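Novice: Below are the structure tokens for one structure; questions will follow.
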Amino acid sequence: MTIHSSSGSLITTIDNKVATVEFGHPASNSFPRVLLDSLSSEINNLSVNEAVNVIVLKSKGTAAFCAGASFEELLAVTNQEEGLEFFSGFAYLINAMRSCSKLIIGRVHGKTVGGGVGIAAACDYVFATATASVKLSELAIGIGPFVIEPAVSRKIGKTAMTEMTLAAHEWKSAAWAQQKGLYAEVFETTELLDTAVTDFSSKLASYNSEALFEMKKVIWDGTENWESLLLERAAITGQLVLSDFTRKALAEFKK
């Protein structure tokens, strides 16, 4: 799949049973809903592609890995139905990654915020650079990381997730993220990062596909209720985004 539009880009290449999926958007690789849906659909398609054993998920450029949900679309939400629709995009994406039959390797080359942290947490194994700091800033605008919380808590634990959430203005370093389990390995340069991603994904893709599939099921055992849970969380956020606090906070960002 190759998509280029004002809503961003999505490019997939397949080589030796490794599918590399790259998403991009001019606004720090943030996600408008149409790009979220495209990525979810692509993950679902690759899940049933017999030519693929492993997926590498990366983003475009050399700056931010992912700025989370599109700020422009967040500002456009005017009622609870629109709020649910907006925030359910990440619910569908995380569930697509969770239920995908292929193992997903994350390549995080820079800072990531909010929903981007959720994407990293939904990967099965993550490589990052030393500049790939993370932040959950949702409380600062009156909402919370409710949709991505199950994925983040599953990966780093409830205590570390709480620390990130309550310190909404604070960046956590890549070293902190590795210590807590969000990142498996951290590298000083993108060159070293890319070498590690290529070597690891190639080795993994050479293994028995049936064993990889069974391992994927084991890794995500106990998350079957997420199909409904994440949508319930999206509804909570969709309601909160209409609060006076959030409306005022968003108005400040527009200035």
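Letters for chains follow the order of the structure tokens (A, B, ...), residue numbers begin at 1 for each chain, and ligand numbers begin at 1 in the order shown.
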Using DSSP secondary structure from the backbone, list all alpha helix (DSSP H) positions within segment 170-239 of chain A, as JSON, numbers by chain.
Specialist: {"A": [174, 175, 176, 177, 178, 179, 180, 190, 191, 192, 193, 194, 195, 196, 197, 198, 199, 200, 201, 202, 203, 204, 205, 209, 210, 211, 212, 213, 214, 215, 216, 217, 218, 219, 226, 227, 228, 229, 230, 231, 232, 233, 234, 235, 236, 237, 238, 239]}
Novice: Write out as a list in words the set of residues from segment 44-255 of chain A that DSSP, computed on the backbone, places in strand (DSSP E or B).
Specialist: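 After running DSSP on the backbone, segment 44-255 of chain A has strand (DSSP E or B) at Val54, Ile55, Val56, Leu57, Lys58, Ser59, Cys66, Ala69, Leu103, Ile104, Ile105, Gly106, Arg107, Val108, Thr112, Val113, Tyr125, Val126, Phe127, Ala128, Thr129, Val134, Lys135, Lys172, Glu185, Val186 and Phe187 of chain A.
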Novice: With only C-alpha atoms as the counted atoms, please give the residues lying no more than 7 Å from Ile94 of chain A, apart from itself and same-chain residues fewer than 4 positions off, as a PyMOL selection string.
Specialist: chain A and resi 90+98+119+122
Novice: Interatomic distance between atom CA of Val77 of chain A and atom CA of Glu170 of chain A?
Specialist: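 Interatomic distance, atom CA of Val77 of chain A to atom CA of Glu170 of chain A: 26.3 Å.
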Novice: Have a look at A:Glu22, A:Asp15, A:Asp37, A:Glu81 and name the one nearest to Thr237 of chain A; count only C-alpha atoms.
Specialist: A:Glu81
Novice: Which one of A:Met97, A:Leu74, A:Leu84, A:Val152 sits closest to Val56 of chain A if you count only C-alpha atoms?
Specialist: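 Closest to Val56 of chain A, using only C-alpha atoms: A:Met97.
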Novice: So that I can check the surroundings of segment 179-193 of chain A, please list as number ranges by chain every protein, DNA and RNA residue that reaches within 8 Å of it, counting only C-alpha atoms and ignoring chain neighbours fewer than 5 positions away.
Specialist: A: 107, 109, 120-121, 125-131, 152, 155-157, 160, 174
Novice: Next, write the just-selected residues to a file, as a PDB file, in the first residue's frame, keeping C-alpha atoms as the atom set.
Specialist:
```pdb
ATOM      1  CA  ARG A 107      11.355   1.703  15.240  1.00  0.00           C
ATOM      2  CA  HIS A 109      13.620   7.506  16.113  1.00  0.00           C
ATOM      3  CA  ALA A 120       4.962   2.143  20.772  1.00  0.00           C
ATOM      4  CA  ALA A 121       3.401   0.223  23.661  1.00  0.00           C
ATOM      5  CA  TYR A 125       9.374  -5.253  20.549  1.00  0.00           C
ATOM      6  CA  VAL A 126      10.707  -1.710  20.244  1.00  0.00           C
ATOM      7  CA  PHE A 127      14.061  -0.267  19.204  1.00  0.00           C
ATOM      8  CA  ALA A 128      14.647   3.433  19.836  1.00  0.00           C
ATOM      9  CA  THR A 129      17.263   6.155  19.735  1.00  0.00           C
ATOM     10  CA  ALA A 130      18.570   8.006  22.776  1.00  0.00           C
ATOM     11  CA  THR A 131      16.549  11.046  21.644  1.00  0.00           C
ATOM     12  CA  VAL A 152       0.891   1.476  28.150  1.00  0.00           C
ATOM     13  CA  LYS A 155       4.029  -2.650  28.878  1.00  0.00           C
ATOM     14  CA  ILE A 156       5.475  -0.462  31.677  1.00  0.00           C
ATOM     15  CA  GLY A 157       3.181  -1.157  34.641  1.00  0.00           C
ATOM     16  CA  ALA A 160       5.110   4.075  35.687  1.00  0.00           C
ATOM     17  CA  ALA A 174      14.575   7.088  26.341  1.00  0.00           C
TER      18      ALA A 174
END
```
